[in-house]
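Colleague: Here you go, coords-v3.tsv (TSV, C-alpha atoms and all ligand atoms):
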```tsv
chain	number	residue	atom	x	y	z
P	729	MET	CA	13.87	-30.36	19.39
P	730	GLU	CA	10.86	-30.05	17.16
P	731	ASN	CA	9.41	-26.54	16.84
P	732	THR	CA	5.84	-26.79	18.09
P	733	ALA	CA	5.05	-23.06	18.07
P	734	PRO	CA	1.93	-22.38	16.01
P	735	ALA	CA	2.69	-20.74	12.65
P	736	LYS	CA	2.33	-16.97	12.77
P	737	LYS	CA	-0.44	-15.31	10.80
P	738	VAL	CA	0.74	-13.46	7.72
P	739	MET	CA	0.50	-9.74	6.88
P	740	LEU	CA	1.31	-8.20	3.55
P	741	SER	CA	1.04	-4.75	2.04
P	742	GLY	CA	2.68	-2.37	-0.41
P	743	ILE	CA	2.99	1.28	-1.40
P	744	LYS	CA	3.54	2.77	-4.87
P	745	PRO	CA	6.80	4.72	-5.04
P	746	THR	CA	5.18	7.56	-6.97
P	747	GLY	CA	6.16	10.33	-4.60
P	748	ASP	CA	7.39	11.04	-1.10
P	749	LEU	CA	5.48	9.10	1.55
P	750	THR	CA	2.87	11.35	3.11
P	751	LEU	CA	1.59	11.60	6.62
P	752	GLY	CA	-1.44	9.75	5.17
P	753	SER	CA	0.59	6.73	4.01
P	754	TYR	CA	2.39	6.72	7.37
P	755	LEU	CA	-0.71	6.87	9.59
P	756	GLY	CA	-2.97	4.83	7.31
P	757	ALA	CA	-0.47	2.10	6.57
P	758	ILE	CA	3.18	1.92	7.69
P	759	LYS	CA	2.66	2.85	11.34
P	760	ASN	CA	0.40	-0.17	11.69
P	761	TRP	CA	2.81	-2.44	9.89
P	762	ALA	CA	5.74	-1.55	12.13
P	763	GLU	CA	3.76	-2.31	15.26
P	764	ARG	CA	3.07	-5.91	14.26
P	765	ALA	CA	6.39	-7.47	13.33
P	766	GLU	CA	6.61	-9.68	16.42
P	767	GLN	CA	3.10	-11.00	16.16
P	768	TYR	CA	2.91	-11.69	12.40
P	769	ASP	CA	5.00	-12.97	9.54
P	770	CYS	CA	5.26	-9.72	7.55
P	771	TYR	CA	5.83	-8.94	3.85
P	772	TYR	CA	6.02	-5.35	2.61
P	773	PHE	CA	7.01	-4.17	-0.81
P	774	MET	CA	7.57	-1.15	-3.02
P	775	ALA	CA	4.81	-1.45	-5.65
P	776	ASP	CA	6.93	-0.12	-8.52
P	777	LEU	CA	4.95	-1.97	-11.21
P	778	HIS	CA	1.84	-0.15	-10.08
P	779	ALA	CA	3.73	3.12	-10.47
P	780	LEU	CA	3.90	2.49	-14.23
P	781	THR	CA	0.24	3.36	-14.64
P	782	THR	CA	1.34	6.99	-14.64
P	783	ARG	CA	4.23	8.36	-16.71
P	784	ASN	CA	7.56	8.17	-14.89
P	785	ASP	CA	11.11	9.18	-15.45
P	786	PRO	CA	12.85	5.77	-14.98
P	787	ALA	CA	15.77	7.26	-13.02
P	788	LEU	CA	13.40	9.06	-10.71
P	789	LEU	CA	11.29	5.95	-10.18
P	790	ARG	CA	14.39	3.97	-9.32
P	791	ARG	CA	15.53	6.63	-6.85
P	792	ARG	CA	12.12	6.91	-5.25
P	793	THR	CA	11.90	3.14	-4.89
P	794	LEU	CA	15.18	3.06	-2.95
P	795	GLU	CA	14.17	6.10	-0.90
P	796	GLN	CA	10.94	4.40	-0.03
P	797	LEU	CA	12.84	1.34	1.15
P	798	ALA	CA	14.98	3.60	3.37
P	799	GLN	CA	11.81	5.23	4.69
P	800	TYR	CA	10.22	1.83	5.42
P	801	VAL	CA	13.23	0.93	7.56
P	802	ALA	CA	13.28	4.36	9.24
P	803	CYS	CA	9.58	3.98	10.08
P	804	GLY	CA	10.50	0.93	12.14
P	805	LEU	CA	10.27	-1.94	9.67
P	806	ASP	CA	13.24	-3.99	10.79
P	807	PRO	CA	14.51	-5.90	7.71
P	808	GLU	CA	15.48	-8.82	9.93
P	809	LYS	CA	11.92	-9.21	11.16
P	810	ASN	CA	10.00	-8.17	8.02
P	811	THR	CA	10.55	-9.25	4.43
P	812	LEU	CA	11.01	-6.01	2.48
P	813	PHE	CA	11.27	-6.21	-1.30
P	814	ILE	CA	10.71	-4.50	-4.62
P	815	GLN	CA	7.67	-5.84	-6.48
P	816	SER	CA	9.33	-5.98	-9.93
P	817	HIS	CA	12.15	-8.13	-8.51
P	818	VAL	CA	9.69	-10.98	-7.97
P	819	PRO	CA	8.41	-11.93	-11.43
P	820	ALA	CA	5.64	-14.13	-10.06
P	821	HIS	CA	3.59	-10.98	-9.34
P	822	VAL	CA	3.23	-10.29	-13.06
P	823	GLU	CA	2.62	-13.93	-13.91
P	824	LEU	CA	-0.19	-14.39	-11.43
P	825	GLY	CA	-1.41	-10.87	-12.28
P	826	TRP	CA	-2.13	-11.98	-15.82
P	827	VAL	CA	-3.87	-15.13	-14.66
P	828	LEU	CA	-6.09	-13.15	-12.28
P	829	ASN	CA	-6.85	-10.59	-14.98
P	830	CYS	CA	-8.70	-13.39	-16.67
P	831	TYR	CA	-10.82	-13.99	-13.56
P	832	THR	CA	-11.61	-10.32	-12.86
P	833	MET	CA	-14.68	-8.93	-14.54
P	834	PHE	CA	-14.84	-5.78	-16.66
P	835	GLY	CA	-17.84	-4.62	-14.59
P	836	GLU	CA	-15.93	-5.08	-11.33
P	837	LEU	CA	-12.96	-3.09	-12.60
P	838	SER	CA	-15.26	-0.37	-13.92
P	839	ARG	CA	-16.74	0.12	-10.46
P	840	MET	CA	-13.41	0.81	-8.75
P	841	THR	CA	-13.53	4.29	-7.22
P	842	GLN	CA	-9.81	4.80	-7.70
P	843	PHE	CA	-10.04	4.02	-11.42
P	844	LYS	CA	-12.85	6.56	-11.79
P	845	ASP	CA	-10.93	9.24	-9.83
P	846	LYS	CA	-7.60	8.66	-11.54
P	847	SER	CA	-9.01	8.48	-15.04
P	848	ALA	CA	-10.87	11.75	-14.42
P	849	LYS	CA	-7.61	13.37	-13.26
P	850	ASN	CA	-5.44	11.93	-16.09
P	851	ALA	CA	-7.76	12.06	-19.08
P	852	ASP	CA	-4.80	11.96	-21.50
P	853	ASN	CA	-3.39	8.69	-20.12
P	854	ILE	CA	-6.21	6.27	-19.27
P	855	ASN	CA	-4.17	3.17	-20.01
P	856	GLY	CA	-5.03	-0.51	-19.66
P	857	GLY	CA	-2.79	-0.83	-16.61
P	858	LEU	CA	-4.78	1.80	-14.75
P	859	PHE	CA	-7.92	-0.21	-15.44
P	860	THR	CA	-6.59	-3.70	-14.63
P	861	TYR	CA	-4.40	-2.55	-11.73
P	862	PRO	CA	-6.64	-4.26	-9.12
P	863	ALA	CA	-5.94	-7.67	-10.72
P	864	LEU	CA	-2.20	-7.12	-10.26
P	865	MET	CA	-2.89	-6.00	-6.71
P	866	ALA	CA	-4.89	-9.20	-6.17
P	867	ALA	CA	-1.85	-11.16	-7.38
P	868	ASP	CA	0.48	-9.20	-5.07
P	869	ILE	CA	-1.69	-10.28	-2.20
P	870	LEU	CA	-2.76	-13.83	-3.06
P	871	LEU	CA	0.74	-14.93	-3.99
P	872	TYR	CA	1.72	-14.76	-0.30
P	873	GLN	CA	-1.49	-16.24	1.19
P	874	PRO	CA	-1.77	-13.49	3.83
P	875	ASP	CA	-4.36	-13.45	6.59
P	876	TYR	CA	-4.42	-9.66	6.76
P	877	VAL	CA	-3.72	-6.79	4.37
P	878	PRO	CA	-3.16	-3.56	6.36
P	879	VAL	CA	-4.27	-0.61	4.22
P	880	GLY	CA	-5.90	2.81	4.51
P	881	GLU	CA	-9.59	3.25	3.77
P	882	ASP	CA	-9.02	4.09	0.08
P	883	GLN	CA	-7.51	0.66	-0.68
P	884	LYS	CA	-10.18	-1.38	1.08
P	885	GLN	CA	-12.25	-1.70	-2.09
P	886	HIS	CA	-9.29	-3.29	-3.91
P	887	VAL	CA	-8.79	-5.81	-1.10
P	888	GLU	CA	-12.48	-6.65	-1.23
P	889	LEU	CA	-12.20	-7.24	-4.97
P	890	THR	CA	-9.20	-9.49	-4.26
P	891	ARG	CA	-11.40	-11.57	-1.98
P	892	ASP	CA	-14.05	-11.90	-4.68
P	893	VAL	CA	-11.52	-12.94	-7.31
P	894	ALA	CA	-9.92	-15.48	-4.98
P	895	GLN	CA	-13.29	-16.91	-4.09
P	896	ARG	CA	-14.23	-17.17	-7.77
P	897	PHE	CA	-10.98	-18.99	-8.58
P	898	ASN	CA	-11.41	-21.35	-5.61
P	899	ASN	CA	-15.00	-22.11	-6.59
P	900	LEU	CA	-13.91	-23.02	-10.08
P	901	TYR	CA	-10.77	-25.02	-9.39
P	902	GLY	CA	-10.74	-25.98	-5.72
P	903	GLU	CA	-9.10	-24.32	-2.68
P	904	THR	CA	-6.09	-22.48	-4.03
P	905	PHE	CA	-6.02	-19.07	-2.40
P	906	LYS	CA	-6.50	-18.06	1.21
P	907	ILE	CA	-9.16	-15.33	1.48
P	908	PRO	CA	-7.44	-12.29	3.10
P	909	GLU	CA	-9.03	-9.69	5.37
P	910	PRO	CA	-8.44	-5.96	4.90
P	911	PHE	CA	-7.00	-4.48	8.09
P	912	VAL	CA	-7.94	-0.80	8.35
P	913	PRO	CA	-6.80	1.21	11.39
P	914	LYS	CA	-9.44	2.79	13.65
P	915	VAL	CA	-7.81	6.22	13.48
P	916	GLY	CA	-5.71	7.58	10.61
P	917	ALA	CA	-7.34	5.39	7.94
P	918	ARG	CA	-8.26	8.43	5.87
P	919	VAL	CA	-6.02	11.45	6.38
P	920	MET	CA	-7.44	14.38	4.46
P	921	ASP	CA	-5.74	17.28	2.69
P	922	LEU	CA	-5.09	20.09	5.19
P	923	LEU	CA	-6.48	22.73	2.83
P	924	ASN	CA	-9.28	20.63	1.39
P	925	PRO	CA	-10.56	18.32	4.12
P	926	ASN	CA	-13.03	16.70	1.73
P	927	SER	CA	-10.28	15.15	-0.35
P	928	LYS	CA	-7.63	12.57	0.59
P	929	MET	CA	-4.06	13.69	1.33
P	930	SER	CA	-2.40	12.23	-1.74
P	931	LYS	CA	1.16	11.19	-2.46
P	932	SER	CA	0.93	11.89	-6.17
P	933	ASP	CA	-0.47	15.42	-5.96
P	934	GLU	CA	1.82	18.36	-6.46
P	935	VAL	CA	3.64	19.42	-3.29
P	936	GLY	CA	1.29	21.93	-1.74
P	937	ASN	CA	0.32	23.30	1.60
P	938	GLY	CA	-2.37	20.68	2.03
P	939	ARG	CA	-0.12	17.65	2.31
P	940	VAL	CA	2.73	16.77	4.63
P	941	VAL	CA	5.46	14.35	3.60
P	942	ILE	CA	7.42	12.39	6.14
P	943	MET	CA	10.78	13.86	5.04
P	944	GLU	CA	9.61	17.45	5.41
P	945	ALA	CA	11.44	20.05	7.52
P	946	PRO	CA	9.78	20.79	10.91
P	947	GLU	CA	9.25	24.49	10.11
P	948	ASP	CA	7.38	23.59	6.90
P	949	ILE	CA	5.19	21.09	8.77
P	950	MET	CA	4.38	23.71	11.42
P	951	ARG	CA	3.51	26.30	8.79
P	952	LYS	CA	1.14	23.86	7.04
P	953	PHE	CA	-0.68	22.96	10.26
P	954	LYS	CA	-1.02	26.60	11.29
P	955	ARG	CA	-2.66	27.31	7.93
P	956	ALA	CA	-4.86	24.20	7.94
P	957	VAL	CA	-8.49	24.85	7.06
P	958	THR	CA	-10.91	24.60	9.98
P	959	ASP	CA	-14.35	26.26	9.80
P	960	CYS	CA	-16.18	29.48	10.57
P	961	ASP	CA	-17.41	28.42	13.99
P	962	THR	CA	-16.97	31.70	15.91
P	963	GLU	CA	-16.28	29.83	19.15
P	964	HIS	CA	-13.45	27.81	17.56
P	965	CYS	CA	-14.77	24.75	19.31
P	966	VAL	CA	-12.58	21.62	19.01
P	967	ARG	CA	-15.26	18.97	18.62
P	968	TYR	CA	-15.29	15.73	16.59
P	969	ASP	CA	-18.02	16.21	14.00
P	970	PRO	CA	-16.76	15.00	10.58
P	971	GLU	CA	-19.91	16.04	8.77
P	972	ASN	CA	-20.14	19.63	9.95
P	973	LYS	CA	-16.51	20.24	10.93
P	974	PRO	CA	-14.43	18.12	8.50
P	975	GLY	CA	-11.26	20.22	8.89
P	976	VAL	CA	-11.28	20.00	12.69
P	977	ALA	CA	-12.22	16.29	12.57
P	978	ASN	CA	-9.24	15.63	10.28
P	979	LEU	CA	-6.85	17.46	12.61
P	980	MET	CA	-8.30	15.59	15.58
P	981	SER	CA	-7.82	12.24	13.81
P	982	ILE	CA	-4.20	13.11	13.04
P	983	TYR	CA	-3.60	14.21	16.64
P	984	ALA	CA	-5.30	11.05	17.94
P	985	ALA	CA	-3.20	8.84	15.67
P	986	VAL	CA	0.14	10.38	16.68
P	987	THR	CA	-0.56	10.80	20.41
P	988	GLY	CA	-2.80	7.81	21.09
P	989	LYS	CA	-5.37	10.13	22.75
P	990	THR	CA	-9.11	9.59	22.31
P	991	PHE	CA	-11.47	12.18	20.82
P	992	PRO	CA	-13.11	13.00	24.20
P	993	GLU	CA	-9.63	13.48	25.72
P	994	ILE	CA	-8.69	15.86	22.90
P	995	GLU	CA	-11.94	17.82	23.25
P	996	LEU	CA	-11.23	18.22	26.95
P	997	GLU	CA	-7.60	19.20	26.38
P	998	PHE	CA	-8.57	22.08	24.05
P	999	ASP	CA	-11.81	23.05	25.75
P	1000	GLY	CA	-12.02	26.86	25.59
P	1001	LEU	CA	-8.57	27.21	23.98
P	1002	GLY	CA	-9.73	27.49	20.37
P	1003	TYR	CA	-8.06	26.74	17.05
P	1004	GLY	CA	-5.17	29.14	17.80
P	1005	ALA	CA	-3.84	26.66	20.36
P	1006	PHE	CA	-5.12	23.48	18.73
P	1007	LYS	CA	-3.52	23.77	15.26
P	1008	PRO	CA	0.09	24.37	16.44
P	1009	ALA	CA	-0.30	21.57	18.99
P	1010	VAL	CA	-1.22	19.13	16.22
P	1011	GLY	CA	1.73	20.42	14.13
P	1012	GLU	CA	4.10	19.99	17.07
P	1013	ALA	CA	2.93	16.42	17.73
P	1014	VAL	CA	3.40	15.52	14.04
P	1015	VAL	CA	6.87	17.14	13.94
P	1016	GLU	CA	7.99	15.13	16.97
P	1017	THR	CA	6.60	11.89	15.49
P	1018	LEU	CA	8.29	12.40	12.14
P	1019	ARG	CA	11.60	13.86	13.39
P	1020	PRO	CA	13.33	10.55	14.26
P	1021	ILE	CA	11.98	8.93	11.08
P	1022	ARG	CA	13.33	11.72	8.88
P	1023	GLU	CA	16.73	11.68	10.58
P	1024	GLU	CA	17.04	7.91	10.34
P	1025	ALA	CA	15.90	7.84	6.69
P	1026	GLN	CA	18.48	10.50	5.78
P	1027	LYS	CA	21.19	8.33	7.34
P	1028	ILE	CA	20.04	5.15	5.60
P	1029	MET	CA	19.72	6.85	2.22
P	1030	LYS	CA	23.42	7.69	2.29
P	1031	ASP	CA	24.27	3.99	2.51
P	1032	LYS	CA	23.49	2.81	-1.00
P	1033	ALA	CA	25.35	-0.47	-0.57
P	1034	TYR	CA	23.20	-1.35	2.45
P	1035	LEU	CA	20.02	-0.53	0.50
P	1036	GLU	CA	21.10	-2.64	-2.44
P	1037	THR	CA	21.84	-5.56	-0.13
P	1038	LEU	CA	18.38	-5.17	1.37
P	1039	CYS	CA	16.81	-5.25	-2.11
P	1040	LYS	CA	18.71	-8.39	-2.99
P	1041	THR	CA	17.99	-10.31	0.19
P	1042	GLY	CA	14.35	-9.19	0.16
P	1043	ALA	CA	13.84	-10.42	-3.40
P	1044	GLU	CA	15.47	-13.73	-2.51
P	1045	ARG	CA	13.40	-14.21	0.61
P	1046	ALA	CA	10.05	-13.02	-0.68
P	1047	PRO	CA	9.05	-15.69	-3.16
P	1048	CYS	CA	10.67	-18.71	-1.62
P	1049	ALA	CA	9.90	-17.93	2.00
P	1050	ARG	CA	6.22	-17.69	1.58
P	1051	SER	CA	4.65	-17.43	-1.81
P	1052	ILE	CA	2.14	-19.93	-3.05
P	1053	ARG	CA	3.85	-22.36	-5.39
P	1054	ARG	CA	3.38	-21.57	-9.05
P	1055	SER	CA	2.30	-25.15	-9.52
P	1056	ASP	CA	-0.70	-24.43	-7.28
P	1057	TRP	CA	-2.15	-21.82	-9.55
P	1058	TYR	CA	-0.86	-23.45	-12.72
P	1059	ARG	CA	-1.94	-26.82	-11.42
P	1060	LEU	CA	-4.79	-27.05	-13.87
P	1061	ARG	CA	-2.35	-27.88	-16.57
P	1062	GLY	CA	-2.50	-31.25	-18.14
P	1063	LYS	CA	-4.51	-33.18	-15.63
P	1064	GLY	CA	-7.64	-31.04	-15.44
P	1065	THR	CA	-9.41	-30.41	-12.15
P	1066	GLU	CA	-12.79	-30.88	-10.74
P	1067	ASN	CA	-15.11	-27.92	-10.75
P	1068	ARG	CA	-16.40	-27.94	-7.17
P	1069	GLU	CA	-19.68	-26.29	-8.04
P	1070	SER	CA	-20.64	-28.35	-11.06
P	1071	GLY	CA	-18.58	-31.47	-10.43
P	1072	ILE	CA	-17.39	-31.19	-14.04
P	1073	ARG	CA	-13.73	-31.89	-14.69
P	1074	SER	CA	-12.36	-28.96	-16.60
P	1075	GLU	CA	-9.32	-28.79	-18.84
P	1076	SER	CA	-6.92	-26.10	-17.86
P	1077	PRO	CA	-6.86	-22.82	-19.70
P	1078	LEU	CA	-3.22	-22.76	-18.55
P	1079	ALA	CA	-2.24	-26.12	-19.93
P	1080	THR	CA	1.22	-25.10	-20.96
P	1081	ASP	CA	4.65	-26.50	-20.53
P	1082	SER	CA	7.05	-24.31	-18.60
P	1083	LYS	CA	9.25	-24.04	-21.69
P	1084	SER	CA	6.35	-22.99	-23.90
P	1085	PRO	CA	6.38	-19.75	-25.92
P	1086	ALA	CA	3.74	-18.32	-23.58
P	1087	ARG	CA	6.03	-18.67	-20.61
P	1088	ALA	CA	9.04	-17.53	-22.53
P	1089	TYR	CA	7.09	-14.42	-23.46
P	1090	THR	CA	6.25	-13.73	-19.84
P	1091	LEU	CA	9.88	-14.10	-18.87
P	1092	SER	CA	11.11	-11.81	-21.58
P	1093	PHE	CA	8.61	-9.25	-20.40
P	1094	HIS	CA	10.11	-9.43	-16.91
P	1095	PHE	CA	13.56	-8.96	-18.27
P	1096	SER	CA	12.53	-5.85	-20.14
P	1097	LEU	CA	11.05	-4.47	-16.94
P	1098	PHE	CA	14.27	-5.21	-15.14
P	1099	ALA	CA	16.12	-3.38	-17.87
P	1100	PHE	CA	13.68	-0.50	-17.55
P	1101	HIS	CA	14.14	-0.37	-13.85
P	1102	PHE	CA	17.84	-0.84	-13.51
P	1103	SER	CA	19.73	0.29	-16.52
P	1104	LEU	CA	18.43	3.79	-16.85
P	1105	SER	CA	19.46	5.40	-13.61
H	1	LIG	P1	-0.84	3.80	-2.24
H	1	LIG	O1	0.57	3.79	-2.64
H	1	LIG	O2	-1.75	4.80	-2.89
H	1	LIG	O3	-0.98	4.02	-0.67
H	1	LIG	C1	-0.21	3.22	0.22
H	1	LIG	C2	-0.94	2.96	1.52
H	1	LIG	O4	-1.18	4.19	2.20
H	1	LIG	C3	-2.57	4.34	2.46
H	1	LIG	N1	-2.88	5.77	2.30
H	1	LIG	C4	-3.56	6.48	3.19
H	1	LIG	N2	-4.10	6.15	4.37
H	1	LIG	C5	-4.75	7.13	5.05
H	1	LIG	N3	-4.88	8.42	4.59
H	1	LIG	C6	-4.35	8.77	3.40
H	1	LIG	N4	-4.47	10.03	2.97
H	1	LIG	C7	-3.65	7.79	2.64
H	1	LIG	N5	-3.00	7.82	1.45
H	1	LIG	C8	-2.54	6.56	1.26
H	1	LIG	C9	-3.26	3.49	1.40
H	1	LIG	O5	-4.55	3.12	1.78
H	1	LIG	C10	-2.31	2.34	1.30
H	1	LIG	O6	-2.56	1.41	2.32
H	1	LIG	N6	-2.52	-0.12	-4.70
H	1	LIG	C11	-1.81	0.29	-3.52
H	1	LIG	C12	-0.45	-0.35	-3.41
H	1	LIG	C13	-0.49	-1.82	-3.48
H	1	LIG	C14	-0.91	-2.71	-2.46
H	1	LIG	C15	-0.77	-4.01	-3.02
H	1	LIG	C16	-1.36	-2.53	-1.15
H	1	LIG	C17	-0.14	-2.57	-4.55
H	1	LIG	N7	-0.29	-3.90	-4.30
H	1	LIG	C18	-1.11	-5.16	-2.26
H	1	LIG	C19	-1.70	-3.65	-0.41
H	1	LIG	C20	-1.55	-4.95	-0.97
H	1	LIG	C21	-1.65	1.79	-3.58
H	1	LIG	O7	-1.62	2.39	-4.61
H	1	LIG	O8	-1.45	2.35	-2.37
```
Show this structure as structure tokens.
Ligand code: TYM
Modeller:
Amino acid sequence: MENTAPAKKVMLSGIKPTGDLTLGSYLGAIKNWAERAEQYDCYYFMADLHALTTRNDPALLRRRTLEQLAQYVACGLDPEKNTLFIQSHVPAHVELGWVLNCYTMFGELSRMTQFKDKSAKNADNINGGLFTYPALMAADILLYQPDYVPVGEDQKQHVELTRDVAQRFNNLYGETFKIPEPFVPKVGARVMDLLNPNSKMSKSDEVGNGRVVIMEAPEDIMRKFKRAVTDCDTEHCVRYDPENKPGVANLMSIYAAVTGKTFPEIELEFDGLGYGAFKPAVGEAVVETLRPIREEAQKIMKDKAYLETLCKTGAERAPCARSIRRSDWYRLRGKGTENRESGIRSESPLATDSKSPARAYTLSFHFSLFAFHFSLS
């Protein structure tokens, strides 16, 4: 019988394997992915090419990429229901990344908050990749024509740039890319550092008392929450006021995200009890949320053969199951297309045969990345 079910909408997202997944990456991103597998056609990847913008030990990057895959599965991303893959295993990301680089403006890239923050933090390694990173991210997204890109608040700007680039390309050459929507959760979209509630809890920062990683031991998590910065309110009032009480607001957001309670419910629960009761309660709720994930991830990480099979099947499924055909974004070649705005038929800047030196160069680049990624463990 013919399948008449309407096609599912598509979700896609990724995380850089630059360090252990934090409570921030879990609440801002993965938790929301895992909840949507039935409703959407889902693609999630380890953004290992993005990790190259900072210096990495290849063996460590490879290990972290596999660990991240295990953590994805432990967080509830069923590999049967979600396509999970490693970005560098799908060469089309780099190919389209280059093309989109040429449609992303210097001024746009210069305005990216993350570029400004990261270049200030790594003044000795402000490389081209760090600058053009959003064009690769646009390729990661547009290749799969997703409807939604679930990300935390800090990545929203990159998804908005992706929309602008896609729109620009479509205006020039006709409808090619679907324009995706960022999907930012209502709570947990910006988990802040426990010791510095004005700055984001970051995966790449040194392990410190301000960030919690999902593989952390319960006693360490409890200790960090007990020491979390609040404020000097003498009444220790648990009230949601991000401007005047950023530490308490951060703890309330974390508690809300892991328990599903609303801010008024939390205020009522801790009315008159003070920070002495509130902070351990948040710690306890986080410990209980992360406990099954940590235990499951530890189990999965021991099964290297299973992880390698997942990598292989994911890489096979990712490009052919969904991705936009290369011919769609290389379609300008030869024939020329009509510029929808001007009505002028333009010759392709990509008018190249698939066996041309340009393509051969791209392929050899992929192979060297493969070698980088796999041979140096
Ligand atoms: P990355 O690896 O920095 O972060 C991964 C995801 O976790 C979210 N996140 C947070 N959310 C709330 N609070 C926090 N403290 C916090 N820290 C991280 C991020 O918003 C993100 O959703 N460029 C991306 C990876 C990427 C990507 C993509 C994402 C590459 N290609 C295509 C979506 C689509 C990045 O570096 O995220």
Colleague: Please, what distance in Å, to one decimal, runs between CA of Lys928 (chain P) and CA of Asp959 (chain P)?
Modeller: 17.8 Å
Colleague: Give me, as a ChimeraX atom specification, the set of residues whose atoms come within 6 Å of any atom of ligand LIG 1 (chain H), counting all atoms listed in the file.
Modeller: /P:741-744,752-753,756-757,775,865,868-869,879-883,916-920,928-930
Colleague: Would you list the contacts of region 811-814 of chain P as a PyMOL selection string, taking every protein, DNA or RNA residue within 6 Å and counting all atoms listed in the file, but skipping same-chain residues closer than 5 positions in sequence?
Modeller: chain P and resi 771-774+1039+1042-1043
Colleague: Just the number, please: distance in Å from CA of Gly902 (chain P) to CA of Leu870 (chain P), one decimal.
Modeller: 14.8 Å
Colleague: So the first atom is CA of Thr746 (chain P) and the second is CA of Gly988 (chain P); what is the distance between them in Å, to one decimal place?
Modeller: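 Here the two named atoms are 29.2 Å from each other.
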Colleague: Output region 865-883 of chain P from the block with C-alpha atoms, as a PDB file, in the first residue's frame?
Modeller:
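What follows is the written file result.pdb:
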```
ATOM      1  CA  MET P 865      28.114  25.788   9.973  1.00  0.00           C
ATOM      2  CA  ALA P 866      25.744  27.132   7.310  1.00  0.00           C
ATOM      3  CA  ALA P 867      26.816  24.242   5.070  1.00  0.00           C
ATOM      4  CA  ASP P 868      26.296  21.711   7.888  1.00  0.00           C
ATOM      5  CA  ILE P 869      22.759  22.950   8.153  1.00  0.00           C
ATOM      6  CA  LEU P 870      21.702  23.698   4.578  1.00  0.00           C
ATOM      7  CA  LEU P 871      23.015  20.408   3.240  1.00  0.00           C
ATOM      8  CA  TYR P 872      20.179  18.596   5.041  1.00  0.00           C
ATOM      9  CA  GLN P 873      17.378  21.116   4.321  1.00  0.00           C
ATOM     10  CA  PRO P 874      16.173  21.119   7.947  1.00  0.00           C
ATOM     11  CA  ASP P 875      13.090  22.946   9.160  1.00  0.00           C
ATOM     12  CA  TYR P 876      14.519  23.490  12.638  1.00  0.00           C
ATOM     13  CA  VAL P 877      17.988  23.790  14.165  1.00  0.00           C
ATOM     14  CA  PRO P 878      17.785  23.222  17.943  1.00  0.00           C
ATOM     15  CA  VAL P 879      20.569  25.212  19.625  1.00  0.00           C
ATOM     16  CA  GLY P 880      21.300  27.183  22.785  1.00  0.00           C
ATOM     17  CA  GLU P 881      21.095  30.962  22.791  1.00  0.00           C
ATOM     18  CA  ASP P 882      24.798  31.433  21.920  1.00  0.00           C
ATOM     19  CA  GLN P 883      24.425  29.692  18.531  1.00  0.00           C
TER      20      GLN P 883
END
```
